[in-house]
Structures are given as C-alpha cells and as structure tokens.
file work-v4.cif (mmCIF, C-alpha atoms; chains and numbers go by the auth columns)
data_run
#
loop_
_atom_site.group_PDB
_atom_site.id
_atom_site.type_symbol
_atom_site.label_atom_id
_atom_site.label_comp_id
_atom_site.label_asym_id
_atom_site.label_seq_id
_atom_site.Cartn_x
_atom_site.Cartn_y
_atom_site.Cartn_z
_atom_site.B_iso_or_equiv
_atom_site.auth_seq_id
_atom_site.auth_asym_id
ATOM 1 C CA LEU A 1 -10.751 11.374 14.215 0.00 1 R
ATOM 2 C CA ARG A 2 -8.924 12.125 17.478 0.00 2 R
ATOM 3 C CA ALA A 3 -12.260 12.972 19.115 0.00 3 R
ATOM 4 C CA GLN A 4 -13.678 9.603 18.033 0.00 4 R
ATOM 5 C CA CYS A 5 -10.605 7.806 19.389 0.00 5 R
ATOM 6 C CA LEU A 6 -10.825 9.624 22.722 0.00 6 R
ATOM 7 C CA GLN A 7 -14.541 8.904 22.982 0.00 7 R
ATOM 8 C CA ARG A 8 -13.899 5.187 22.624 0.00 8 R
ATOM 9 C CA LEU A 9 -11.155 5.319 25.266 0.00 9 R
ATOM 10 C CA GLN A 10 -13.564 6.778 27.849 0.00 10 R
ATOM 11 C CA SER A 11 -15.134 3.350 28.177 0.00 11 R
ATOM 12 C CA PRO A 12 -13.334 1.117 30.742 0.00 12 R
ATOM 13 C CA HIS A 13 -13.619 -1.816 28.342 0.00 13 R
ATOM 14 C CA MET A 14 -13.180 -2.113 24.600 0.00 14 R
ATOM 15 C CA ASP A 15 -16.351 -3.119 22.807 0.00 15 R
ATOM 16 C CA LEU A 16 -15.196 -5.916 20.521 0.00 16 R
ATOM 17 C CA CYS A 17 -18.721 -6.625 19.305 0.00 17 R
ATOM 18 C CA HIS A 18 -19.810 -3.204 18.057 0.00 18 R
ATOM 19 C CA VAL A 19 -19.768 -2.927 14.274 0.00 19 R
ATOM 20 C CA PRO A 20 -21.291 0.073 12.489 0.00 20 R
ATOM 21 C CA ALA A 21 -24.280 -0.595 10.282 0.00 21 R
ATOM 22 C CA THR A 22 -22.453 0.955 7.317 0.00 22 R
ATOM 23 C CA ARG A 23 -18.817 -0.099 7.157 0.00 23 R
ATOM 24 C CA GLU A 24 -17.212 2.547 4.970 0.00 24 R
ATOM 25 C CA LYS A 25 -13.541 2.280 4.127 0.00 25 R
ATOM 26 C CA GLY A 26 -11.536 3.381 7.137 0.00 26 R
ATOM 27 C CA TRP A 27 -14.312 3.092 9.742 0.00 27 R
ATOM 28 C CA TYR A 28 -11.926 1.054 11.886 0.00 28 R
ATOM 29 C CA LEU A 29 -9.416 3.931 12.085 0.00 29 R
ATOM 30 C CA ALA A 30 -11.460 5.353 14.976 0.00 30 R
ATOM 31 C CA LEU A 31 -10.573 2.210 16.945 0.00 31 R
ATOM 32 C CA MET A 32 -6.963 3.379 17.211 0.00 32 R
ATOM 33 C CA ALA A 33 -5.859 4.829 20.545 0.00 33 R
ATOM 34 C CA PRO A 34 -4.405 8.366 20.766 0.00 34 R
ATOM 35 C CA ASN A 35 -1.102 9.134 22.464 0.00 35 R
ATOM 36 C CA VAL A 36 -1.543 9.915 26.175 0.00 36 R
ATOM 37 C CA LYS A 37 2.153 9.630 27.138 0.00 37 R
ATOM 38 C CA GLY A 38 3.784 12.621 25.445 0.00 38 R
ATOM 39 C CA PRO A 39 6.026 13.568 22.493 0.00 39 R
ATOM 40 C CA ASN A 40 8.364 10.574 22.764 0.00 40 R
ATOM 41 C CA TYR A 41 5.595 8.329 21.447 0.00 41 R
ATOM 42 C CA ALA A 42 3.726 8.061 18.159 0.00 42 R
ATOM 43 C CA TRP A 43 0.556 10.172 17.988 0.00 43 R
ATOM 44 C CA LEU A 44 -1.705 7.143 17.484 0.00 44 R
ATOM 45 C CA ASP A 45 -1.521 3.491 18.518 0.00 45 R
ATOM 46 C CA PRO A 46 -3.000 1.286 15.774 0.00 46 R
ATOM 47 C CA SER A 47 -2.547 -1.906 17.808 0.00 47 R
ATOM 48 C CA ARG A 48 -5.933 -1.297 19.466 0.00 48 R
ATOM 49 C CA LEU A 49 -7.501 -1.759 16.033 0.00 49 R
ATOM 50 C CA TYR A 50 -6.042 -5.283 15.832 0.00 50 R
ATOM 51 C CA CYS A 51 -8.053 -6.328 18.895 0.00 51 R
ATOM 52 C CA HIS A 52 -11.345 -5.823 17.044 0.00 52 R
ATOM 53 C CA PRO A 53 -12.082 -8.872 14.854 0.00 53 R
ATOM 54 C CA GLN A 54 -14.212 -7.112 12.225 0.00 54 R
ATOM 55 C CA GLY A 55 -11.975 -4.048 12.252 0.00 55 R
ATOM 56 C CA LEU A 56 -8.891 -6.149 11.556 0.00 56 R
ATOM 57 C CA GLN A 57 -10.630 -8.091 8.791 0.00 57 R
ATOM 58 C CA ASP A 58 -11.876 -4.938 7.061 0.00 58 R
ATOM 59 C CA CYS A 59 -8.484 -3.253 7.407 0.00 59 R
ATOM 60 C CA LEU A 60 -6.806 -6.220 5.723 0.00 60 R
ATOM 61 C CA ALA A 61 -9.430 -6.372 2.987 0.00 61 R
ATOM 62 C CA ASP A 62 -8.951 -2.680 2.173 0.00 62 R
ATOM 63 C CA LEU A 63 -5.163 -3.004 2.171 0.00 63 R
ATOM 64 C CA LEU A 64 -5.137 -5.980 -0.179 0.00 64 R
ATOM 65 C CA GLN A 65 -7.951 -4.909 -2.530 0.00 65 R
ATOM 66 C CA PRO A 66 -5.651 -2.975 -4.935 0.00 66 R
ATOM 67 C CA PHE A 67 -3.483 -6.086 -5.316 0.00 67 R
ATOM 68 C CA GLN A 68 -6.290 -8.494 -6.232 0.00 68 R
ATOM 69 C CA GLY A 69 -5.196 -10.561 -9.205 0.00 69 R
ATOM 70 C CA ASP A 70 -1.578 -9.402 -8.912 0.00 70 R
ATOM 71 C CA ALA A 71 1.220 -11.947 -8.992 0.00 71 R
ATOM 72 C CA ILE A 72 2.695 -11.919 -5.471 0.00 72 R
ATOM 73 C CA ASP A 73 5.221 -14.550 -4.429 0.00 73 R
ATOM 74 C CA MET A 74 5.853 -13.484 -0.830 0.00 74 R
ATOM 75 C CA VAL A 75 4.824 -10.901 1.770 0.00 75 R
ATOM 76 C CA ALA A 76 7.518 -9.120 3.790 0.00 76 R
ATOM 77 C CA GLY A 77 6.845 -7.234 7.037 0.00 77 R
ATOM 78 C CA ILE A 78 9.051 -4.703 8.800 0.00 78 R
ATOM 79 C CA ASP A 79 10.097 -5.145 12.440 0.00 79 R
ATOM 80 C CA ALA A 80 8.163 -4.931 14.582 0.00 80 R
ATOM 81 C CA MET A 81 4.565 -3.761 14.072 0.00 81 R
ATOM 82 C CA GLY A 82 4.704 -4.592 10.376 0.00 82 R
ATOM 83 C CA PHE A 83 4.869 -8.242 11.424 0.00 83 R
ATOM 84 C CA ILE A 84 1.209 -8.168 12.525 0.00 84 R
ATOM 85 C CA LEU A 85 -0.318 -6.899 9.301 0.00 85 R
ATOM 86 C CA GLY A 86 2.312 -8.596 7.151 0.00 86 R
ATOM 87 C CA ALA A 87 1.740 -12.055 8.601 0.00 87 R
ATOM 88 C CA ALA A 88 -2.038 -11.575 8.440 0.00 88 R
ATOM 89 C CA ALA A 89 -1.775 -10.473 4.800 0.00 89 R
ATOM 90 C CA ALA A 90 0.423 -13.460 3.967 0.00 90 R
ATOM 91 C CA ALA A 91 -2.064 -15.852 5.557 0.00 91 R
ATOM 92 C CA THR A 92 -4.943 -14.222 3.670 0.00 92 R
ATOM 93 C CA LEU A 93 -3.063 -14.474 0.363 0.00 93 R
ATOM 94 C CA ARG A 94 -1.805 -17.982 1.202 0.00 94 R
ATOM 95 C CA LYS A 95 1.794 -16.850 0.719 0.00 95 R
ATOM 96 C CA GLY A 96 4.939 -17.110 2.792 0.00 96 R
ATOM 97 C CA PHE A 97 6.001 -14.356 5.183 0.00 97 R
ATOM 98 C CA LEU A 98 9.475 -12.821 5.310 0.00 98 R
ATOM 99 C CA ALA A 99 10.522 -10.873 8.416 0.00 99 R
ATOM 100 C CA ILE A 100 12.730 -7.804 7.919 0.00 100 R
ATOM 101 C CA ARG A 101 14.442 -7.564 11.299 0.00 101 R
ATOM 102 C CA LYS A 102 16.200 -4.955 13.378 0.00 102 R
ATOM 103 C CA ALA A 103 19.931 -5.680 13.364 0.00 103 R
ATOM 104 C CA GLY A 104 21.332 -8.262 15.746 0.00 104 R
ATOM 105 C CA HIS A 105 18.468 -10.749 15.934 0.00 105 R
ATOM 106 C CA LEU A 106 19.102 -13.156 13.048 0.00 106 R
ATOM 107 C CA CYS A 107 21.630 -15.976 13.526 0.00 107 R
ATOM 108 C CA VAL A 108 21.987 -16.647 9.780 0.00 108 R
ATOM 109 C CA GLN A 109 23.747 -14.890 6.907 0.00 109 R
ATOM 110 C CA THR A 110 22.177 -11.443 6.430 0.00 110 R
ATOM 111 C CA GLU A 111 22.357 -8.290 4.356 0.00 111 R
ATOM 112 C CA ALA A 112 22.087 -4.989 6.243 0.00 112 R
ATOM 113 C CA GLN A 113 20.721 -1.540 5.406 0.00 113 R
ATOM 114 C CA PRO A 114 21.077 1.645 7.517 0.00 114 R
ATOM 115 C CA TYR A 115 18.114 4.015 7.830 0.00 115 R
ATOM 116 C CA SER A 116 16.560 6.833 9.853 0.00 116 R
ATOM 117 C CA ASP A 117 13.200 6.129 11.462 0.00 117 R
ATOM 118 C CA TYR A 118 10.314 8.580 11.956 0.00 118 R
ATOM 119 C CA SER A 119 12.030 10.085 15.009 0.00 119 R
ATOM 120 C CA GLY A 120 15.288 10.690 13.147 0.00 120 R
ATOM 121 C CA ARG A 121 17.202 7.969 14.997 0.00 121 R
ATOM 122 C CA GLN A 122 19.831 6.084 12.990 0.00 122 R
ATOM 123 C CA LYS A 123 19.171 2.349 12.881 0.00 123 R
ATOM 124 C CA LEU A 124 20.099 -0.783 10.964 0.00 124 R
ATOM 125 C CA MET A 125 17.778 -3.426 9.496 0.00 125 R
ATOM 126 C CA GLU A 126 18.713 -6.906 8.309 0.00 126 R
ATOM 127 C CA LEU A 127 17.295 -9.481 5.931 0.00 127 R
ATOM 128 C CA ARG A 128 18.299 -13.106 5.536 0.00 128 R
ATOM 129 C CA THR A 129 20.052 -13.737 2.224 0.00 129 R
ATOM 130 C CA ASP A 130 18.589 -17.187 1.503 0.00 130 R
ATOM 131 C CA ALA A 131 14.880 -16.362 1.120 0.00 131 R
ATOM 132 C CA ILE A 132 14.494 -14.144 -1.947 0.00 132 R
ATOM 133 C CA SER A 133 16.984 -15.291 -4.556 0.00 133 R
ATOM 134 C CA PRO A 134 19.114 -18.227 -3.349 0.00 134 R
ATOM 135 C CA GLY A 135 19.562 -19.621 -6.843 0.00 135 R
ATOM 136 C CA GLU A 136 15.919 -18.972 -7.737 0.00 136 R
ATOM 137 C CA PRO A 137 15.173 -19.621 -11.428 0.00 137 R
ATOM 138 C CA GLY A 138 15.604 -16.504 -13.494 0.00 138 R
ATOM 139 C CA VAL A 139 17.356 -14.496 -10.781 0.00 139 R
ATOM 140 C CA LEU A 140 20.841 -13.169 -11.439 0.00 140 R
ATOM 141 C CA PRO A 141 23.338 -12.142 -8.758 0.00 141 R
ATOM 142 C CA SER A 142 23.939 -8.399 -8.497 0.00 142 R
ATOM 143 C CA TRP A 143 27.011 -8.476 -10.725 0.00 143 R
ATOM 144 C CA GLY A 144 25.096 -10.354 -13.413 0.00 144 R
ATOM 145 C CA ALA A 145 22.136 -7.980 -13.254 0.00 145 R
ATOM 146 C CA ALA A 146 24.493 -5.039 -13.667 0.00 146 R
ATOM 147 C CA ARG A 147 26.032 -6.555 -16.797 0.00 147 R
ATOM 148 C CA TRP A 148 22.609 -7.166 -18.315 0.00 148 R
ATOM 149 C CA ALA A 149 21.589 -3.591 -17.512 0.00 149 R
ATOM 150 C CA ARG A 150 24.707 -2.201 -19.238 0.00 150 R
ATOM 151 C CA GLY A 151 23.731 -4.008 -22.392 0.00 151 R
ATOM 152 C CA THR A 152 26.877 -6.131 -22.610 0.00 152 R
ATOM 153 C CA HIS A 153 24.736 -9.077 -23.724 0.00 153 R
ATOM 154 C CA ALA A 154 22.376 -9.106 -26.672 0.00 154 R
ATOM 155 C CA GLN A 155 19.915 -11.539 -25.061 0.00 155 R
ATOM 156 C CA PRO A 156 16.663 -10.235 -23.534 0.00 156 R
ATOM 157 C CA LEU A 157 16.493 -9.356 -19.841 0.00 157 R
ATOM 158 C CA PRO A 158 16.057 -12.324 -17.503 0.00 158 R
ATOM 159 C CA THR A 159 12.946 -13.041 -15.469 0.00 159 R
ATOM 160 C CA PRO A 160 12.798 -10.848 -12.308 0.00 160 R
ATOM 161 C CA GLY A 161 13.232 -12.269 -8.831 0.00 161 R
ATOM 162 C CA LEU A 162 10.509 -13.023 -6.300 0.00 162 R
ATOM 163 C CA ARG A 163 7.673 -10.490 -6.329 0.00 163 R
ATOM 164 C CA ILE A 164 7.440 -9.037 -2.824 0.00 164 R
ATOM 165 C CA LEU A 165 4.541 -7.185 -1.207 0.00 165 R
ATOM 166 C CA LEU A 166 6.097 -5.001 1.512 0.00 166 R
ATOM 167 C CA VAL A 167 3.901 -4.296 4.545 0.00 167 R
ATOM 168 C CA ASP A 168 4.372 -1.985 7.523 0.00 168 R
ATOM 169 C CA GLN A 169 2.009 -0.447 10.035 0.00 169 R
ATOM 170 C CA TRP A 170 2.693 3.188 9.131 0.00 170 R
ATOM 171 C CA VAL A 171 4.722 5.216 6.636 0.00 171 R
ATOM 172 C CA GLU A 172 5.516 8.594 8.189 0.00 172 R
ATOM 173 C CA THR A 173 8.841 9.957 6.933 0.00 173 R
ATOM 174 C CA GLY A 174 9.327 7.005 4.582 0.00 174 R
ATOM 175 C CA GLY A 175 12.872 6.265 5.768 0.00 175 R
ATOM 176 C CA THR A 176 12.122 2.805 7.129 0.00 176 R
ATOM 177 C CA MET A 177 10.087 1.651 4.124 0.00 177 R
ATOM 178 C CA ARG A 178 12.578 3.041 1.634 0.00 178 R
ATOM 179 C CA ALA A 179 15.397 1.154 3.358 0.00 179 R
ATOM 180 C CA ALA A 180 13.336 -2.048 3.233 0.00 180 R
ATOM 181 C CA ILE A 181 12.705 -1.547 -0.483 0.00 181 R
ATOM 182 C CA GLU A 182 16.420 -1.052 -1.143 0.00 182 R
ATOM 183 C CA LEU A 183 17.266 -4.153 0.874 0.00 183 R
ATOM 184 C CA VAL A 184 14.738 -6.378 -0.896 0.00 184 R
ATOM 185 C CA GLU A 185 15.747 -5.134 -4.339 0.00 185 R
ATOM 186 C CA ARG A 186 19.469 -5.540 -3.574 0.00 186 R
ATOM 187 C CA LEU A 187 18.830 -9.220 -2.830 0.00 187 R
ATOM 188 C CA GLY A 188 17.047 -9.689 -6.158 0.00 188 R
ATOM 189 C CA GLY A 189 13.419 -9.231 -5.109 0.00 189 R
ATOM 190 C CA VAL A 190 10.955 -7.139 -7.111 0.00 190 R
ATOM 191 C CA VAL A 191 8.887 -4.429 -5.429 0.00 191 R
ATOM 192 C CA ALA A 192 8.493 -2.019 -8.361 0.00 192 R
ATOM 193 C CA ALA A 193 5.068 -1.867 -10.018 0.00 193 R
ATOM 194 C CA LEU A 194 6.114 -2.938 -13.496 0.00 194 R
ATOM 195 C CA PRO A 195 3.314 -3.994 -15.863 0.00 195 R
ATOM 196 C CA CYS A 196 4.240 -7.662 -15.552 0.00 196 R
ATOM 197 C CA VAL A 197 5.089 -7.656 -11.831 0.00 197 R
ATOM 198 C CA PRO A 198 2.626 -5.319 -10.061 0.00 198 R
ATOM 199 C CA THR A 199 3.647 -5.883 -6.455 0.00 199 R
ATOM 200 C CA GLY A 200 4.211 -2.999 -4.100 0.00 200 R
ATOM 201 C CA VAL A 201 3.796 -1.439 -0.652 0.00 201 R
ATOM 202 C CA ALA A 202 0.939 -1.508 1.892 0.00 202 R
ATOM 203 C CA ALA A 203 0.438 0.298 5.237 0.00 203 R
ATOM 204 C CA ILE A 204 -2.494 1.520 7.317 0.00 204 R
ATOM 205 C CA CYS A 205 -1.411 5.083 6.608 0.00 205 R
ATOM 206 C CA MET A 206 1.022 6.679 4.162 0.00 206 R
ATOM 207 C CA GLU A 207 1.621 10.279 5.069 0.00 207 R
ATOM 208 C CA ASN A 208 2.268 12.833 2.343 0.00 208 R
ATOM 209 C CA SER A 209 5.753 13.572 3.630 0.00 209 R
ATOM 210 C CA GLU A 210 8.681 13.939 1.251 0.00 210 R
ATOM 211 C CA GLY A 211 9.615 10.298 1.797 0.00 211 R
ATOM 212 C CA GLY A 212 6.019 9.112 1.594 0.00 212 R
ATOM 213 C CA LYS A 213 5.535 10.892 -1.718 0.00 213 R
ATOM 214 C CA TRP A 214 8.780 9.418 -3.066 0.00 214 R
ATOM 215 C CA ILE A 215 7.485 5.899 -2.409 0.00 215 R
ATOM 216 C CA GLN A 216 3.995 6.556 -3.813 0.00 216 R
ATOM 217 C CA GLU A 217 5.433 8.059 -7.000 0.00 217 R
ATOM 218 C CA ARG A 218 7.553 4.970 -7.714 0.00 218 R
ATOM 219 C CA TYR A 219 5.636 1.991 -6.347 0.00 219 R
ATOM 220 C CA LYS A 220 2.148 0.619 -6.346 0.00 220 R
ATOM 221 C CA CYS A 221 0.832 1.544 -2.897 0.00 221 R
ATOM 222 C CA SER A 222 -2.198 0.801 -0.759 0.00 222 R
ATOM 223 C CA HIS A 223 -3.367 2.358 2.502 0.00 223 R
ATOM 224 C CA CYS A 224 -6.589 2.679 4.488 0.00 224 R
ATOM 225 C CA VAL A 225 -7.015 6.437 4.950 0.00 225 R
ATOM 226 C CA PRO A 226 -9.871 8.015 2.925 0.00 226 R
ATOM 227 C CA PRO A 227 -8.892 11.192 1.015 0.00 227 R
ATOM 228 C CA ARG A 228 -11.055 13.399 3.259 0.00 228 R
ATOM 229 C CA LEU A 229 -9.088 12.254 6.325 0.00 229 R
ATOM 230 C CA GLN A 230 -5.611 12.338 4.771 0.00 230 R
ATOM 231 C CA PRO A 231 -4.863 15.969 5.811 0.00 231 R
ATOM 232 C CA HIS A 232 -5.670 15.095 9.442 0.00 232 R
ATOM 233 C CA PHE A 233 -3.216 12.210 9.371 0.00 233 R
ATOM 234 C CA ASP A 234 -0.539 14.300 7.664 0.00 234 R
ATOM 235 C CA GLN A 235 -0.875 16.932 10.406 0.00 235 R
ATOM 236 C CA HIS A 236 -1.279 14.371 13.232 0.00 236 R
ATOM 237 C CA GLN A 237 -4.664 15.744 14.257 0.00 237 R
#
call {"tool": "encode", "arguments": {"input": "work-v4.cif", "output": "structure tokens"}}
result
Amino acid sequence: LRAQCLQRLQSPHMDLCHVPATREKGWYLALMAPNVKGPNYAWLDPSRLYCHPQGLQDCLADLLQPFQGDAIDMVAGIDAMGFILGAAAAATLRKGFLAIRKAGHLCVQTEAQPYSDYSGRQKLMELRTDAISPGEPGVLPSWGAARWARGTHAQPLPTPGLRILLVDQWVETGGTMRAAIELVERLGGVVAALPCVPTGVAAICMENSEGGKWIQERYKCSHCVPPRLQPHFDQHQ
C-alpha cells in the first residue's frame, strides 16, 4: 500500500480523473499520501483521498453500506478530520450533522470529556447539550435513566434517545472515539448496536489496537480496509 501511495506522489499533479476499471472495496486507499515529515505526524494522510471525486464517493458508499436500512437520527463527527466524512455521510443520509469539538470553541452550554489521542496527549472534547436530548420525546435525564435501570419502577424501559452514527477519519488507539461515545451516551444519545437501534461507529480505518478492539466488540462498526490489508494498517506499513 505504501508503495502505491509513493508511486502516486511521484507525479507533480494528482490525477483526479483516473478510476480503475474494477473498483474493489478499498481501491481508493492508495490515493492517501504517506508521511514525509517524520514521527511527529500520522503515517498516512487520508485528506488526499477526499480530493478524488470517485474515490470519495466510493469511500462513503463503503462506510455507509453496513448501516443501510438502519434507523439513524443524526450523524456526529469528531474534530477535526471527522467533520469531512461525517458531514458528507450526513448529507448522503439526509440527516443532520453534530460537531464534537475540541474544548474552547463552542459559545453555548456544553458537556466535556477528557481523553488521550493517538499520540498519548491529554485533551478535552466538548459537545453542545441542546442537540441530542433537550426534552426529546422518550428521553430521560441521567438521574431518571439511572432510576429506571435500578428497577425502582415497574413500567417498561422508555424509548432511547436520538440514534447517533459516530464518524471519524481514523481509529488508532481508540481513545478519541471512546471518549466521543461516552459523551454522546451521557447526553442521552444511543450509539450501541441494540436490535432495535442499530447505529454505531464508522471510520476509514479501525486498527486492531486494544482500544480499537474494545469499540468493535461493543458497537456496530464500519471501515474501508479489506481484511488482507488490515495487518499492514495495524503495523503502519
């Protein structure tokens, strides 16, 4: 894969018209640019893929295919590169888009969640509190949900909150995505792949790290990497 990426970079201009005769799942991964700046950067730059019209369309189609027919109320994307795929997915699904921001950018009431990113740096993400369950029908505040869960009422469980499809560009260690999941669920949204609410998580790549496995074991997930290429992505080759 790295050899294919490097080969494409040898051209002074990006060929936005070339499309392979057979478009297998993941063909567009070779459009990504490899790291040429050193260890302080990610090993691949997927943003080059977004410049190719057919590559972007096929990437989106592959990401969303597992969720066809699922009940999704809203798409959420993680700051910053998750905004690109997330907004595109929302437009394709004809749903609203919710931005999960880095701390300090939203001028409204927010809920915050600390996390460690792929480089191990401690960060803070924020989500506006009025978008997922501001008095939505069937959504209980956290104290109410806890009482229902303890079985203090004999009535059946209430209807879950908004069903959120979480989108990011890449899941490496899983710390960022896991924090986003916790934040959405704390505000009453539903990410878990329950039989009646099969929403979940989507990214170009989900590495088989400890955090990546934790997410894939608990949530319905979609990514674009074919099984034969997964070991190369896990080892950053």
call {"tool": "residues_around", "arguments": {"input": "work-v4.cif", "residues": "Val19 in chain R", "least_positions_apart": "4", "cutoff": "9 Å", "atoms": "only C-alpha atoms", "output": "number ranges by chain"}}
result
R: 23, 54-55
call {"tool": "residues_around", "arguments": {"input": "work-v4.cif", "residues": "Gly175 in chain R", "least_positions_apart": "2", "cutoff": "7 Å", "atoms": "all atoms listed in the file", "output": "mmCIF file with C-alpha atoms, in the frame of the given file"}}
result
data_model
loop_
_atom_site.group_PDB
_atom_site.id
_atom_site.type_symbol
_atom_site.label_atom_id
_atom_site.label_comp_id
_atom_site.auth_asym_id
_atom_site.auth_seq_id
_atom_site.Cartn_x
_atom_site.Cartn_y
_atom_site.Cartn_z
ATOM 1 C CA TYR R 115 18.114 4.015 7.830
ATOM 2 C CA SER R 116 16.560 6.833 9.853
ATOM 3 C CA ASP R 117 13.200 6.129 11.462
ATOM 4 C CA THR R 173 8.841 9.957 6.933
ATOM 5 C CA MET R 177 10.087 1.651 4.124
ATOM 6 C CA ARG R 178 12.578 3.041 1.634
ATOM 7 C CA ALA R 179 15.397 1.154 3.358
ATOM 8 C CA GLY R 211 9.615 10.298 1.797
#
call {"tool": "resolve_selection", "arguments": {"input": "work-v4.cif", "expression": "the PyMOL selection byres ((chain R and resi 165) around 7)", "output": "PDB file with C-alpha atoms, in the frame of the given file"}}
result
ATOM      1  CA  ILE R  72       2.695 -11.919  -5.471  1.00  0.00           C
ATOM      2  CA  MET R  74       5.853 -13.484  -0.830  1.00  0.00           C
ATOM      3  CA  VAL R  75       4.824 -10.901   1.770  1.00  0.00           C
ATOM      4  CA  ALA R  76       7.518  -9.120   3.790  1.00  0.00           C
ATOM      5  CA  ARG R 163       7.673 -10.490  -6.329  1.00  0.00           C
ATOM      6  CA  ILE R 164       7.440  -9.037  -2.824  1.00  0.00           C
ATOM      7  CA  LEU R 166       6.097  -5.001   1.512  1.00  0.00           C
ATOM      8  CA  VAL R 167       3.901  -4.296   4.545  1.00  0.00           C
ATOM      9  CA  VAL R 191       8.887  -4.429  -5.429  1.00  0.00           C
ATOM     10  CA  THR R 199       3.647  -5.883  -6.455  1.00  0.00           C
ATOM     11  CA  GLY R 200       4.211  -2.999  -4.100  1.00  0.00           C
ATOM     12  CA  VAL R 201       3.796  -1.439  -0.652  1.00  0.00           C
TER      13      VAL R 201
END
call {"tool": "atom_distance", "arguments": {"input": "work-v4.cif", "atom1": "CA of Phe97 in chain R", "atom2": "CA of Gln65 in chain R"}}
result
18.5 Å
call {"tool": "residues_near_point", "arguments": {"input": "work-v4.cif", "point": "(23.7, -7.1, 10.7)", "cutoff": "9 Å", "atoms": "all atoms listed in the file", "output": "MDAnalysis selection string"}}
result
chainID R and resid 102:106 109:113 124:127
call {"tool": "resolve_selection", "arguments": {"input": "work-v4.cif", "expression": "the PyMOL selection byres ((chain R and resi 219) around 7)", "output": "list in words"}}
result
Ala192, Ala193, Gly200, Val201, Ile215, Gln216, Glu217, Arg218, Lys220 and Cys221 of chain R
call {"tool": "resolve_selection", "arguments": {"input": "work-v4.cif", "expression": "the PyMOL selection byres ((chain R and resi 36-51) around 10)", "output": "MDAnalysis selection string"}}
result
chainID R and resid 2 5:6 14:16 28:35 52:57 59 81 84:85 118:119 169:170 204 233 236:237
call {"tool": "residues_near_point", "arguments": {"input": "work-v4.cif", "point": "(5.9, -7.7, 13.6)", "cutoff": "10 Å", "atoms": "only C-alpha atoms", "output": "list in words"}}
result
Gly77, Ile78, Asp79, Ala80, Met81, Gly82, Phe83, Ile84, Leu85, Gly86, Ala87, Ala99, Ile100, Arg101, Val167, Asp168 and Gln169 of chain R
call {"tool": "closest_residue", "arguments": {"input": "work-v4.cif", "among": "R:Gly69, R:Gly189, R:Gly212, R:Pro227", "to": "Val171 in chain R", "atoms": "all atoms listed in the file"}}
result
R:Gly212
call {"tool": "atom_distance", "arguments": {"input": "work-v4.cif", "atom1": "CA of His232 in chain R", "atom2": "CA of Glu210 in chain R"}}
result
16.6 Å
call {"tool": "atom_distance", "arguments": {"input": "work-v4.cif", "atom1": "CA of Ala91 in chain R", "atom2": "CA of Pro66 in chain R"}}
result
17.0 Å
call {"tool": "closest_residue", "arguments": {"input": "work-v4.cif", "among": "R:Thr92, R:Gly161, R:Thr176, R:Gln230", "to": "Gln122 in chain R", "atoms": "only C-alpha atoms"}}
result
R:Thr176
call {"tool": "decode", "arguments": {"input": "work-v4.cif", "residues": "range 160-213 of chain R", "atoms": "C-alpha atoms", "output": "JSON list (two decimals), in the first residue's frame"}}
result
[["chain", "number", "residue", "atom", "x", "y", "z"],
["R", 160, "PRO", "CA", -33.96, 5.52, 23.83],
["R", 161, "GLY", "CA", -32.63, 8.92, 22.82],
["R", 162, "LEU", "CA", -31.51, 10.01, 19.37],
["R", 163, "ARG", "CA", -29.71, 7.28, 17.43],
["R", 164, "ILE", "CA", -26.27, 8.62, 16.54],
["R", 165, "LEU", "CA", -23.85, 7.39, 13.87],
["R", 166, "LEU", "CA", -20.38, 8.45, 15.05],
["R", 167, "VAL", "CA", -17.84, 9.17, 12.31],
["R", 168, "ASP", "CA", -14.11, 9.89, 12.45],
["R", 169, "GLN", "CA", -11.31, 9.68, 9.93],
["R", 170, "TRP", "CA", -9.25, 7.05, 11.76],
["R", 171, "VAL", "CA", -9.43, 4.90, 14.89],
["R", 172, "GLU", "CA", -5.89, 4.13, 16.03],
["R", 173, "THR", "CA", -5.69, 3.74, 19.81],
["R", 174, "GLY", "CA", -9.45, 4.22, 20.20],
["R", 175, "GLY", "CA", -9.13, 6.87, 22.91],
["R", 176, "THR", "CA", -10.75, 9.67, 20.92],
["R", 177, "MET", "CA", -13.67, 7.58, 19.65],
["R", 178, "ARG", "CA", -14.31, 6.02, 23.04],
["R", 179, "ALA", "CA", -14.47, 9.48, 24.63],
["R", 180, "ALA", "CA", -16.93, 10.60, 21.95],
["R", 181, "ILE", "CA", -19.11, 7.54, 22.61],
["R", 182, "GLU", "CA", -19.13, 8.26, 26.35],
["R", 183, "LEU", "CA", -20.02, 11.89, 25.72],
["R", 184, "VAL", "CA", -22.89, 11.11, 23.36],
["R", 185, "GLU", "CA", -24.31, 8.42, 25.63],
["R", 186, "ARG", "CA", -24.03, 10.66, 28.72],
["R", 187, "LEU", "CA", -26.23, 13.22, 26.96],
["R", 188, "GLY", "CA", -28.87, 10.58, 26.19],
["R", 189, "GLY", "CA", -27.87, 9.57, 22.67],
["R", 190, "VAL", "CA", -27.74, 5.94, 21.54],
["R", 191, "VAL", "CA", -24.64, 4.54, 19.84],
["R", 192, "ALA", "CA", -24.88, 0.91, 20.97],
["R", 193, "ALA", "CA", -25.94, -1.65, 18.36],
["R", 194, "LEU", "CA", -29.08, -2.89, 20.08],
["R", 195, "PRO", "CA", -31.51, -4.91, 17.94],
["R", 196, "CYS", "CA", -33.97, -2.03, 17.75],
["R", 197, "VAL", "CA", -31.42, 0.79, 17.42],
["R", 198, "PRO", "CA", -28.54, -0.46, 15.24],
["R", 199, "THR", "CA", -26.48, 2.71, 14.95],
["R", 200, "GLY", "CA", -22.76, 2.69, 15.51],
["R", 201, "VAL", "CA", -19.28, 3.85, 14.50],
["R", 202, "ALA", "CA", -17.64, 4.47, 11.10],
["R", 203, "ALA", "CA", -14.05, 5.38, 10.11],
["R", 204, "ILE", "CA", -11.79, 4.84, 7.11],
["R", 205, "CYS", "CA", -9.64, 2.55, 9.23],
["R", 206, "MET", "CA", -10.10, 0.87, 12.61],
["R", 207, "GLU", "CA", -6.83, -0.56, 13.82],
["R", 208, "ASN", "CA", -6.81, -3.73, 15.88],
["R", 209, "SER", "CA", -5.34, -1.96, 18.89],
["R", 210, "GLU", "CA", -6.64, -2.63, 22.39],
["R", 211, "GLY", "CA", -8.92, 0.39, 22.14],
["R", 212, "GLY", "CA", -9.98, -0.41, 18.60],
["R", 213, "LYS", "CA", -10.94, -3.94, 19.60]]
